[in-house]
file upload.txt (compact mmCIF, C-alpha atoms)
# COMPACT_ATOMS: atom_id res chain seq x y z
CA MET A 1 69.36 25.72 21.63
CA SER A 2 66.43 26.71 19.49
CA MET A 3 62.82 26.64 20.51
CA ALA A 4 62.08 24.33 17.58
CA SER A 5 64.31 21.63 19.06
CA MET A 6 62.36 21.54 22.33
CA PRO A 7 60.15 18.53 22.96
CA SER A 8 56.43 19.11 22.66
CA SER A 9 55.92 18.21 26.35
CA PHE A 10 57.51 21.52 27.33
CA ASN A 11 55.57 24.73 27.09
CA SER A 12 58.15 26.97 25.46
CA SER A 13 56.11 30.09 26.14
CA THR A 14 56.73 29.86 29.89
CA PRO A 15 60.06 30.41 31.60
CA ASN A 16 59.54 27.20 33.60
CA GLY A 17 59.28 25.14 30.43
CA ILE A 18 62.54 26.53 29.14
CA ALA A 19 64.20 26.04 32.53
CA GLN A 20 63.01 22.41 32.67
CA HIS A 21 64.40 21.75 29.21
CA ARG A 22 67.75 23.30 30.12
CA ALA A 23 67.91 21.30 33.36
CA LYS A 24 67.28 18.05 31.50
CA GLN A 25 69.85 18.96 28.87
CA TYR A 26 72.47 19.81 31.51
CA SER A 27 71.76 16.54 33.34
CA HIS A 28 72.07 14.60 30.10
CA ASP A 29 75.39 16.29 29.32
CA GLY A 30 76.60 15.41 32.82
CA VAL A 31 75.63 11.77 32.39
CA LYS A 32 77.45 11.56 29.06
CA ALA A 33 80.61 13.17 30.45
CA GLY A 34 80.46 10.95 33.54
CA ALA A 35 80.07 7.81 31.45
CA LYS A 36 83.09 8.75 29.35
CA ALA A 37 85.17 9.40 32.45
CA ALA A 38 84.01 6.15 34.05
CA THR A 39 85.03 4.18 30.97
CA ILE A 40 88.49 5.70 30.98
CA ALA A 41 88.83 5.19 34.74
CA PHE A 42 87.74 1.56 34.40
CA ILE A 43 90.44 0.81 31.85
CA ALA A 44 93.05 2.86 33.70
CA SER A 45 92.38 1.08 37.00
CA ALA A 46 91.58 -2.44 35.81
CA ILE A 47 94.88 -3.05 34.06
CA PRO A 48 97.18 -2.21 37.01
CA VAL A 49 94.95 -3.90 39.59
CA VAL A 50 94.67 -7.16 37.68
CA MET A 51 98.31 -7.20 36.65
CA GLY A 52 99.41 -6.31 40.18
CA ALA A 53 97.30 -9.12 41.61
CA ARG A 54 99.13 -11.54 39.30
CA ALA A 55 102.68 -10.19 39.67
CA ILE A 56 103.05 -8.83 43.23
CA PRO A 57 103.25 -11.58 45.88
CA TRP A 58 101.38 -9.61 48.58
CA ALA A 59 98.57 -8.75 46.16
CA ARG A 60 98.39 -12.34 44.92
CA ALA A 61 97.95 -13.56 48.50
CA ASN A 62 95.49 -10.89 49.69
CA LEU A 63 93.45 -9.65 46.71
CA ASN A 64 90.91 -12.18 45.54
CA TYR A 65 88.62 -11.54 42.56
CA ALA A 66 86.02 -9.78 44.70
CA ALA A 67 88.59 -7.37 46.14
CA GLN A 68 89.91 -6.58 42.68
CA ALA A 69 86.40 -5.94 41.39
CA HIS A 70 85.68 -3.76 44.42
CA ILE A 71 88.75 -1.58 43.83
CA ILE A 72 87.97 -1.19 40.14
CA SER A 73 84.29 -0.38 40.74
CA LEU A 74 85.11 2.22 43.41
CA VAL A 75 87.48 4.05 41.07
CA THR A 76 84.98 3.86 38.21
CA GLY A 77 82.07 5.10 40.33
CA ALA A 78 84.07 7.93 41.84
CA ALA A 79 85.18 9.11 38.41
CA TYR A 80 81.59 9.04 37.14
CA PHE A 81 80.13 11.08 39.99
CA VAL A 82 82.95 13.63 40.15
CA VAL A 83 82.88 14.38 36.42
CA ALA A 84 79.08 14.35 36.14
CA ASP A 85 78.74 16.72 39.09
CA LYS A 86 81.40 19.09 37.77
CA THR A 87 79.80 19.12 34.32
CA ILE A 88 76.33 19.90 35.66
CA LEU A 89 77.63 22.63 37.96
CA ALA A 90 79.69 24.20 35.15
CA SER A 91 76.60 24.26 32.91
CA ALA A 92 74.51 25.85 35.65
CA ARG A 93 77.21 28.45 36.32
CA LYS A 94 77.43 29.27 32.61
CA ASN A 95 73.65 29.62 32.40
CA SER A 96 73.63 31.88 35.45
CA PHE A 97 76.26 34.19 33.95
CA GLU A 98 74.37 34.28 30.64
CA LYS A 99 71.19 35.36 32.44
CA LEU A 100 73.08 38.05 34.32
CA ALA A 101 74.68 39.34 31.12
CA SER A 102 71.31 39.53 29.36
CA ARG A 103 69.85 41.49 32.28
CA VAL A 104 72.74 43.92 32.22
CA GLU A 105 72.35 44.40 28.45
CA LEU A 106 68.63 45.03 28.91
CA GLY A 107 69.33 47.58 31.63
CA ILE A 108 71.85 49.42 29.49
CA TYR A 109 69.38 49.52 26.60
CA LEU A 110 66.53 50.80 28.80
CA CYS A 111 68.70 53.44 30.45
CA ARG A 112 70.10 54.70 27.14
CA ASN A 113 66.61 55.07 25.70
CA ARG A 114 65.47 56.83 28.89
CA GLU A 115 62.69 54.30 29.45
CA VAL A 116 63.77 53.86 33.07
CA SER A 117 66.24 55.58 35.31
CA MET A 118 69.41 53.81 36.35
CA GLU A 119 68.24 53.67 39.97
CA GLU A 120 64.90 52.07 39.04
CA TRP A 121 66.59 49.50 36.85
CA LEU A 122 69.18 48.61 39.49
CA ASN A 123 66.45 48.07 42.07
CA VAL A 124 64.52 45.76 39.74
CA CYS A 125 67.65 43.97 38.50
CA CYS A 126 69.09 43.38 41.97
CA PHE A 127 65.83 41.93 43.26
CA ARG A 128 65.56 39.63 40.25
CA ILE A 129 69.12 38.36 40.69
CA VAL A 130 68.61 37.62 44.37
CA GLY A 131 65.00 36.48 44.22
call {"tool": "encode", "arguments": {"input": "upload.txt", "output": "structure tokens"}}
result
Amino acid sequence: MSMASMPSSFNSSTPNGIAQHRAKQYSHDGVKAGAKAATIAFIASAIPVVMGARAIPWARANLNYAAQAHIISLVTGAAYFVVADKTILASARKNSFEKLASRVELGIYLCRNREVSMEEWLNVCCFRIVG
């Protein structure tokens, strides 16, 4: 993600602007993945439910159109929310590990160049990770 691709409504010079852009991007990715999963789940559940309601005597007697639609929509909705949530959490986890790696690289650089001691850097780094 380059700074040039950020919308003008975000102030790219502040960490909050970058964080807002990343959050929107991760949410958008989650929505796209959830929509794809919901489409597949719709097709995968609609065919057996409708065919079963036509072919199986118990289903023919007990599953009207509303019940069939309810079953299909529950499967579709569940697939959407599970996949969207997993995608957003995976993106957040990846971002968290990237931030940690960049902090570790910075600490190694500062310690090698004797700009800070290892103890000072660990104190600062640990408080930034937690806080």
call {"tool": "closest_atom_pairs", "arguments": {"input": "upload.txt", "of": "stretch 13-32 of chain A", "to": "stretch 65-86 of chain A", "cutoff": "9 Å", "atoms": "all atoms listed in the file", "output": "tab-separated table"}}
result
residue	atom	partner	partner_atom	distance
A:Ser27	CA	A:Ala84	CA	8.1
A:Asp29	CA	A:Ala84	CA	8.0
A:Gly30	CA	A:Ala84	CA	4.3
A:Val31	CA	A:Ala84	CA	5.7
A:Lys32	CA	A:Ala84	CA	7.8
call {"tool": "axis_aligned_box", "arguments": {"input": "upload.txt", "around": "stretch 66-73 of chain A", "padding_each_side": "5 Å", "output": "lines of an AutoDock Vina configuration file"}}
result
center_x = 87.1
center_y = -5.1
center_z = 43.1
size_x = 15.6
size_y = 19.4
size_z = 16.0
call {"tool": "atom_distance", "arguments": {"input": "upload.txt", "atom1": "atom CA of A:Ser91", "atom2": "atom CA of A:Tyr26"}}
result
6.2 Å
call {"tool": "atom_distance", "arguments": {"input": "upload.txt", "atom1": "atom CA of A:Val50", "atom2": "atom CA of A:Ala35"}}
result
21.8 Å
call {"tool": "build_atoms", "arguments": {"input": "upload.txt", "residues": "stretch 32-46 of chain A", "atoms": "N, CA, C and O atoms", "output": "mmCIF file, in the coordinates of the input"}}
result
data_model
loop_
_atom_site.group_PDB
_atom_site.id
_atom_site.type_symbol
_atom_site.label_atom_id
_atom_site.label_comp_id
_atom_site.auth_asym_id
_atom_site.auth_seq_id
_atom_site.Cartn_x
_atom_site.Cartn_y
_atom_site.Cartn_z
ATOM 1 N N LYS A 32 76.539 11.957 30.150
ATOM 2 C CA LYS A 32 77.450 11.560 29.060
ATOM 3 C C LYS A 32 78.909 11.764 29.453
ATOM 4 O O LYS A 32 79.745 10.890 29.219
ATOM 5 N N ALA A 33 79.221 12.903 30.044
ATOM 6 C CA ALA A 33 80.610 13.170 30.450
ATOM 7 C C ALA A 33 81.044 12.196 31.548
ATOM 8 O O ALA A 33 82.179 11.705 31.538
ATOM 9 N N GLY A 34 80.139 11.895 32.486
ATOM 10 C CA GLY A 34 80.460 10.950 33.540
ATOM 11 C C GLY A 34 80.686 9.550 33.016
ATOM 12 O O GLY A 34 81.590 8.837 33.473
ATOM 13 N N ALA A 35 79.897 9.144 32.036
ATOM 14 C CA ALA A 35 80.070 7.810 31.450
ATOM 15 C C ALA A 35 81.414 7.698 30.720
ATOM 16 O O ALA A 35 82.094 6.672 30.804
ATOM 17 N N LYS A 36 81.789 8.752 30.027
ATOM 18 C CA LYS A 36 83.090 8.750 29.350
ATOM 19 C C LYS A 36 84.221 8.649 30.355
ATOM 20 O O LYS A 36 85.167 7.873 30.182
ATOM 21 N N ALA A 37 84.127 9.422 31.426
ATOM 22 C CA ALA A 37 85.170 9.400 32.450
ATOM 23 C C ALA A 37 85.218 8.045 33.160
ATOM 24 O O ALA A 37 86.306 7.538 33.473
ATOM 25 N N ALA A 38 84.049 7.457 33.396
ATOM 26 C CA ALA A 38 84.010 6.150 34.050
ATOM 27 C C ALA A 38 84.641 5.074 33.177
ATOM 28 O O ALA A 38 85.340 4.186 33.680
ATOM 29 N N THR A 39 84.421 5.145 31.884
ATOM 30 C CA THR A 39 85.030 4.180 30.970
ATOM 31 C C THR A 39 86.549 4.283 30.992
ATOM 32 O O THR A 39 87.258 3.272 31.075
ATOM 33 N N ILE A 40 87.037 5.499 30.935
ATOM 34 C CA ILE A 40 88.490 5.700 30.980
ATOM 35 C C ILE A 40 89.055 5.249 32.319
ATOM 36 O O ILE A 40 90.101 4.595 32.389
ATOM 37 N N ALA A 41 88.356 5.587 33.409
ATOM 38 C CA ALA A 41 88.830 5.190 34.740
ATOM 39 C C ALA A 41 88.803 3.679 34.908
ATOM 40 O O ALA A 41 89.684 3.106 35.566
ATOM 41 N N PHE A 42 87.811 3.013 34.320
ATOM 42 C CA PHE A 42 87.740 1.560 34.400
ATOM 43 C C PHE A 42 88.968 0.922 33.757
ATOM 44 O O PHE A 42 89.628 0.063 34.338
ATOM 45 N N ILE A 43 89.286 1.373 32.562
ATOM 46 C CA ILE A 43 90.440 0.810 31.850
ATOM 47 C C ILE A 43 91.734 1.162 32.584
ATOM 48 O O ILE A 43 92.610 0.307 32.771
ATOM 49 N N ALA A 44 91.825 2.420 33.033
ATOM 50 C CA ALA A 44 93.050 2.860 33.700
ATOM 51 C C ALA A 44 93.270 2.189 35.048
ATOM 52 O O ALA A 44 94.408 2.062 35.498
ATOM 53 N N SER A 45 92.210 1.745 35.702
ATOM 54 C CA SER A 45 92.380 1.080 37.000
ATOM 55 C C SER A 45 92.388 -0.437 36.886
ATOM 56 O O SER A 45 93.051 -1.108 37.682
ATOM 57 N N ALA A 46 91.675 -0.984 35.920
ATOM 58 C CA ALA A 46 91.580 -2.440 35.810
ATOM 59 C C ALA A 46 92.918 -3.069 35.444
ATOM 60 O O ALA A 46 93.306 -4.100 36.011
#
